[in-house]
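Report on one structure; see the data block that follows.
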Amino acid sequence: MKAILRLTLIHLAFAVAVFACKSDDPETPDDPELPEHTIDSKDVFPALTFSQPVDLVQAPGDSSRFFVVEQGGVIKVFSNAENVSSSATFLDINSKVRSGGERGLLGLAFHPDFKTNGYFFVNYTSGTPLKTVIARYKATSPTQADPNSEAVLFTFNQPYDNHNGGSMQFGRDGYLYIATGDGGSGGDPQNNAQNLKSYLGKILRVDVNGKAKGNYSIPADNPFVAGTTGNLPEIYAYGLRNPWRISFDMGGDKLFAGDVGQNEREEIDIIVKGGNYGWRMKEGVDCYNPSSNCNAEGLIDPVHDYDQNDGDRSITGGYVYRGAAIPALAGKYIYGDYISGRIWALELDGDTRKSNTLIMEGKGNISSFGQDISGEVYYLNYGQGKVMKVVNGNLN
């Protein structure tokens, strides 16, 4: 995962920083604040507590329940009602999952036709040596999955314990997008993120309805389908360090990624097909390693990044707010920081930052955001095991 047990945030004692060619203005402008109490958060299911929650999801077209992914290898399901008193186990694959630190069951995505086929997909770490597993399971009812129904799409080795990514989302194109970290350690010592023959440090895209590669196929327009021999056709974009949560804007087609930084900067990227987001040559807008080709043609800068000077040390990517309850947030990307517990609203003009507004502070270890099918935004407090909803502070 990202910052759990501070592995991503301290970036391990052996992280080797090679800094050069710093940006002229490494500080982002002071963030304006909304009027006091305008935006707040609420423990929306007060009777429920989860063990190390890392993902919050609703199934397509079903607003009646939520699913919470617990890092140890369990998915819980519960009714979408504030007075709900208990949750049930939807899937338990604890025996397959190697968890702890940044490892574990890290992502969940429901097939767009889940109501009819019962399929959903998980992303977890397993085994010795460590590997990431992308697998499909089948539900036998809306609240119960068959733990023996696993169909593995593919696996890939993880050279270190940290930077496993884990987020998965279906796009409007029906394809599954998968975020992977650079493999860990510090500074991407194997240069995986720039290596098109490695699954690490990438956004992958696969067709889960195809069978050409067993339990999936490659979309015909993936950027490296017809590329250099050995380049992985699953790759959609690359040059990422540890993208901790990706999301599509339900009001458009933009794919956002919150990418955790090394020792200096955290960043938000808008992911495009074939895009190279610069790691390890760049960390946010700054040069990293090697500095000689930091300004290489074709590298895509983040739409927004921020320095770590104020204790904001591990970004958690969020969602574009498309709900009706808080008009002031309409169309803004809501994201936070795991260490500082701050939450912001990023407003774009096209693909350019327009404003970045601090809307909440002191909200604990924010391990993930979630969005219901009506566009309201939630987040998970990892340490407290709580599901929190972003609400209008004046009405809370």
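Residue numbering restarts at 1 in every chain; chains get A, B, ... in the order shown in the structure tokens, and ligands count up from 1 in that same order.
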6 Å contact set for stretch 164-178 of chain A, only C-alpha atoms, chain neighbours under 3 positions out, as a PyMOL selection string: chain A and resi 1+106-107+109+123+181+203-207+242-245
Surrounding residues of stretch 341-346 of chain A excluding itself and chain neighbours under 2 positions, 6 Å, only C-alpha atoms, as number ranges by chain: A: 332-339, 355-365
Write to file, as a PDB file, in the first residue's frame, the residues of the selection just made, with C-alpha atoms.
ATOM      1  CA  LYS A 332     -13.772  19.581  -7.780  1.00  0.00           C
ATOM      2  CA  TYR A 333     -11.323  16.753  -7.130  1.00  0.00           C
ATOM      3  CA  ILE A 334     -11.369  15.826  -3.440  1.00  0.00           C
ATOM      4  CA  TYR A 335      -8.128  14.276  -2.164  1.00  0.00           C
ATOM      5  CA  GLY A 336      -6.113  14.087   1.027  1.00  0.00           C
ATOM      6  CA  ASP A 337      -2.843  13.247   2.726  1.00  0.00           C
ATOM      7  CA  TYR A 338      -2.398  10.112   4.829  1.00  0.00           C
ATOM      8  CA  ILE A 339       0.084  11.624   7.279  1.00  0.00           C
ATOM      9  CA  SER A 355      -7.359  26.589  -7.426  1.00  0.00           C
ATOM     10  CA  ASN A 356      -6.563  24.228  -4.580  1.00  0.00           C
ATOM     11  CA  THR A 357      -8.587  24.799  -1.427  1.00  0.00           C
ATOM     12  CA  LEU A 358      -7.959  23.325   1.997  1.00  0.00           C
ATOM     13  CA  ILE A 359     -11.334  22.085   3.228  1.00  0.00           C
ATOM     14  CA  MET A 360     -10.511  19.931   6.284  1.00  0.00           C
ATOM     15  CA  GLU A 361      -7.662  19.240   8.703  1.00  0.00           C
ATOM     16  CA  GLY A 362      -6.860  16.671  11.374  1.00  0.00           C
ATOM     17  CA  LYS A 363      -8.886  13.862   9.821  1.00  0.00           C
ATOM     18  CA  GLY A 364      -6.523  11.036  10.742  1.00  0.00           C
ATOM     19  CA  ASN A 365      -4.757   8.543   8.492  1.00  0.00           C
TER      20      ASN A 365
END
Any idea what's packed within 8 Å of A:Ser368, counting only C-alpha atoms, ignoring anything in its chain fewer than 6 positions away? Could you give it as a PyMOL selection string? chain A and resi 54-56+245+316-318+379-381
In terms of the shortest atom-to-atom distance over only C-alpha atoms, which of A:Pro142, A:Gly72, A:Gly118, A:Gly183 is closest to A:Gly104?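 Looking at the shortest contact to A:Gly104, the residue is A:Gly72.
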Which parts of stretch 150-301 of chain A does DSSP call helix (DSSP H, G or I) when run on the backbone here, written out as a ChimeraX atom specification? /A:192-194,291-293
Please identify the strand (DSSP E or B) residues within stretch 13-205 of chain A (assignment by DSSP from backbone atoms) and present them as a PyMOL selection string. chain A and resi 33+39-43+53-57+65-70+74-79+88-92+100+103+105-110+119-126+131-141+144-157+168-170+176-179+202-205
Quick one: residues within 9 Å of stretch 152-157 of chain A, only C-alpha atoms, excluding same-chain residues fewer than 2 positions away - as a PDB file with N, CA, C and O atoms, in the first residue's frame?
ATOM      1  N   PRO A 129       8.754 -15.833  -3.116  1.00  0.00           N
ATOM      2  CA  PRO A 129       8.909 -14.378  -3.141  1.00  0.00           C
ATOM      3  C   PRO A 129       7.581 -13.671  -3.413  1.00  0.00           C
ATOM      4  O   PRO A 129       6.658 -14.252  -3.977  1.00  0.00           O
ATOM      5  N   LEU A 130       7.531 -12.415  -3.031  1.00  0.00           N
ATOM      6  CA  LEU A 130       6.305 -11.629  -3.093  1.00  0.00           C
ATOM      7  C   LEU A 130       5.886 -11.379  -4.536  1.00  0.00           C
ATOM      8  O   LEU A 130       6.714 -11.095  -5.400  1.00  0.00           O
ATOM      9  N   LYS A 131       4.592 -11.468  -4.773  1.00  0.00           N
ATOM     10  CA  LYS A 131       4.049 -11.152  -6.091  1.00  0.00           C
ATOM     11  C   LYS A 131       2.700 -10.463  -5.925  1.00  0.00           C
ATOM     12  O   LYS A 131       2.029 -10.588  -4.891  1.00  0.00           O
ATOM     13  N   THR A 132       2.302  -9.720  -6.944  1.00  0.00           N
ATOM     14  CA  THR A 132       0.962  -9.150  -7.024  1.00  0.00           C
ATOM     15  C   THR A 132       0.095 -10.082  -7.850  1.00  0.00           C
ATOM     16  O   THR A 132       0.526 -10.595  -8.896  1.00  0.00           O
ATOM     17  N   VAL A 133      -1.137 -10.281  -7.385  1.00  0.00           N
ATOM     18  CA  VAL A 133      -2.098 -11.133  -8.069  1.00  0.00           C
ATOM     19  C   VAL A 133      -3.304 -10.288  -8.475  1.00  0.00           C
ATOM     20  O   VAL A 133      -3.890  -9.590  -7.639  1.00  0.00           O
ATOM     21  N   ILE A 134      -3.644 -10.330  -9.746  1.00  0.00           N
ATOM     22  CA  ILE A 134      -4.880  -9.720 -10.249  1.00  0.00           C
ATOM     23  C   ILE A 134      -5.820 -10.874 -10.576  1.00  0.00           C
ATOM     24  O   ILE A 134      -5.512 -11.702 -11.442  1.00  0.00           O
ATOM     25  N   ALA A 135      -6.943 -10.936  -9.867  1.00  0.00           N
ATOM     26  CA  ALA A 135      -7.806 -12.113  -9.975  1.00  0.00           C
ATOM     27  C   ALA A 135      -9.276 -11.727 -10.045  1.00  0.00           C
ATOM     28  O   ALA A 135      -9.687 -10.669  -9.556  1.00  0.00           O
ATOM     29  N   ARG A 136     -10.049 -12.622 -10.629  1.00  0.00           N
ATOM     30  CA  ARG A 136     -11.508 -12.475 -10.711  1.00  0.00           C
ATOM     31  C   ARG A 136     -12.168 -13.472  -9.760  1.00  0.00           C
ATOM     32  O   ARG A 136     -11.732 -14.620  -9.636  1.00  0.00           O
ATOM     33  N   TYR A 137     -13.226 -13.016  -9.099  1.00  0.00           N
ATOM     34  CA  TYR A 137     -14.067 -13.885  -8.281  1.00  0.00           C
ATOM     35  C   TYR A 137     -15.510 -13.732  -8.728  1.00  0.00           C
ATOM     36  O   TYR A 137     -15.855 -12.794  -9.469  1.00  0.00           O
ATOM     37  N   GLU A 150     -11.863 -18.298  -7.659  1.00  0.00           N
ATOM     38  CA  GLU A 150     -10.785 -17.453  -8.179  1.00  0.00           C
ATOM     39  C   GLU A 150     -10.328 -17.887  -9.569  1.00  0.00           C
ATOM     40  O   GLU A 150     -10.076 -19.064  -9.824  1.00  0.00           O
ATOM     41  N   PRO A 159       9.807  -6.870  -6.225  1.00  0.00           N
ATOM     42  CA  PRO A 159      11.172  -7.041  -5.729  1.00  0.00           C
ATOM     43  C   PRO A 159      11.368  -6.615  -4.274  1.00  0.00           C
ATOM     44  O   PRO A 159      12.294  -7.083  -3.600  1.00  0.00           O
ATOM     45  N   GLY A 183       7.738  -1.016  -7.428  1.00  0.00           N
ATOM     46  CA  GLY A 183       8.409  -2.198  -6.903  1.00  0.00           C
ATOM     47  C   GLY A 183       9.077  -1.984  -5.571  1.00  0.00           C
ATOM     48  O   GLY A 183       9.470  -2.937  -4.907  1.00  0.00           O
ATOM     49  N   SER A 198       8.407  -3.988 -17.858  1.00  0.00           N
ATOM     50  CA  SER A 198       8.045  -4.260 -16.467  1.00  0.00           C
ATOM     51  C   SER A 198       6.615  -3.780 -16.203  1.00  0.00           C
ATOM     52  O   SER A 198       6.192  -2.737 -16.710  1.00  0.00           O
ATOM     53  N   TYR A 199       5.888  -4.536 -15.386  1.00  0.00           N
ATOM     54  CA  TYR A 199       4.541  -4.129 -14.984  1.00  0.00           C
ATOM     55  C   TYR A 199       4.566  -3.032 -13.925  1.00  0.00           C
ATOM     56  O   TYR A 199       3.515  -2.448 -13.620  1.00  0.00           O
ATOM     57  N   LEU A 200       5.721  -2.746 -13.354  1.00  0.00           N
ATOM     58  CA  LEU A 200       5.824  -1.889 -12.179  1.00  0.00           C
ATOM     59  C   LEU A 200       5.912  -0.412 -12.546  1.00  0.00           C
ATOM     60  O   LEU A 200       6.540  -0.041 -13.537  1.00  0.00           O
ATOM     61  N   VAL A 208     -11.333  -7.544 -19.584  1.00  0.00           N
ATOM     62  CA  VAL A 208     -11.638  -8.728 -18.777  1.00  0.00           C
ATOM     63  C   VAL A 208     -12.685  -9.619 -19.430  1.00  0.00           C
ATOM     64  O   VAL A 208     -12.947 -10.729 -18.940  1.00  0.00           O
ATOM     65  N   LYS A 213      -5.645 -14.078 -23.663  1.00  0.00           N
ATOM     66  CA  LYS A 213      -4.537 -14.351 -22.746  1.00  0.00           C
ATOM     67  C   LYS A 213      -5.019 -15.150 -21.537  1.00  0.00           C
ATOM     68  O   LYS A 213      -4.523 -14.996 -20.422  1.00  0.00           O
ATOM     69  N   GLY A 214      -5.975 -16.027 -21.780  1.00  0.00           N
ATOM     70  CA  GLY A 214      -6.502 -16.847 -20.696  1.00  0.00           C
ATOM     71  C   GLY A 214      -7.791 -16.266 -20.157  1.00  0.00           C
ATOM     72  O   GLY A 214      -8.867 -16.537 -20.687  1.00  0.00           O
ATOM     73  N   ASN A 215      -7.681 -15.431 -19.118  1.00  0.00           N
ATOM     74  CA  ASN A 215      -8.864 -14.817 -18.509  1.00  0.00           C
ATOM     75  C   ASN A 215      -9.005 -13.341 -18.831  1.00  0.00           C
ATOM     76  O   ASN A 215      -9.781 -12.633 -18.183  1.00  0.00           O
ATOM     77  N   TYR A 216      -8.257 -12.881 -19.844  1.00  0.00           N
ATOM     78  CA  TYR A 216      -8.378 -11.489 -20.295  1.00  0.00           C
ATOM     79  C   TYR A 216      -7.753 -11.380 -21.669  1.00  0.00           C
ATOM     80  O   TYR A 216      -7.135 -12.324 -22.178  1.00  0.00           O
TER      81      TYR A 216
END
With only C-alpha atoms as the counted atoms, please give the residues lying no more than 6 Å from A:Arg65, apart from itself and same-chain residues fewer than 3 positions off, as a PyMOL selection string. chain A and resi 78-80
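Nearest to A:Asp161 of all the residues A:Gly187, A:Gly101, A:Gly127, A:Pro112 is A:Gly101, based on only C-alpha atoms.
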Which is closest to A:Asn209 among A:Ala193, A:Ala47, A:His111, A:Ala226, if we use only C-alpha atoms? A:His111
Might you pull out every residue within 12 Å of A:Asn148, with only C-alpha atoms counted and same-chain residues fewer than 3 positions away left off, and present them as a PyMOL selection string? chain A and resi 91-93+95-96+135-140+145+151-152
Which residues are near A:Gly230? Cut-off 9 Å, only C-alpha atoms, ignore same chain within fewer than 2 positions. Put them as a PyMOL selection string. chain A and resi 196-197+227-228+232-233
Please, what distance in Å, to one decimal, runs between atom CA of A:Cys287 and atom CA of A:Tyr236?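 Distance reported for this atom pair: 23.6 Å.
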Which is closer to A:Gly350 than all the others in A:Ile270, A:Met281, A:Ala81, A:Val69, using only C-alpha atoms? A:Ile270
Please measure the separation of atom CA of A:Asp305 and atom CA of A:Glu264, giving the value in Å to one decimal. 10.2 Å
For a quick check of understanding, using only C-alpha atoms, which of A:Gly278, A:Asp269, A:Asn231, A:Asp253 has the smallest distance to A:Gly298? A:Gly278
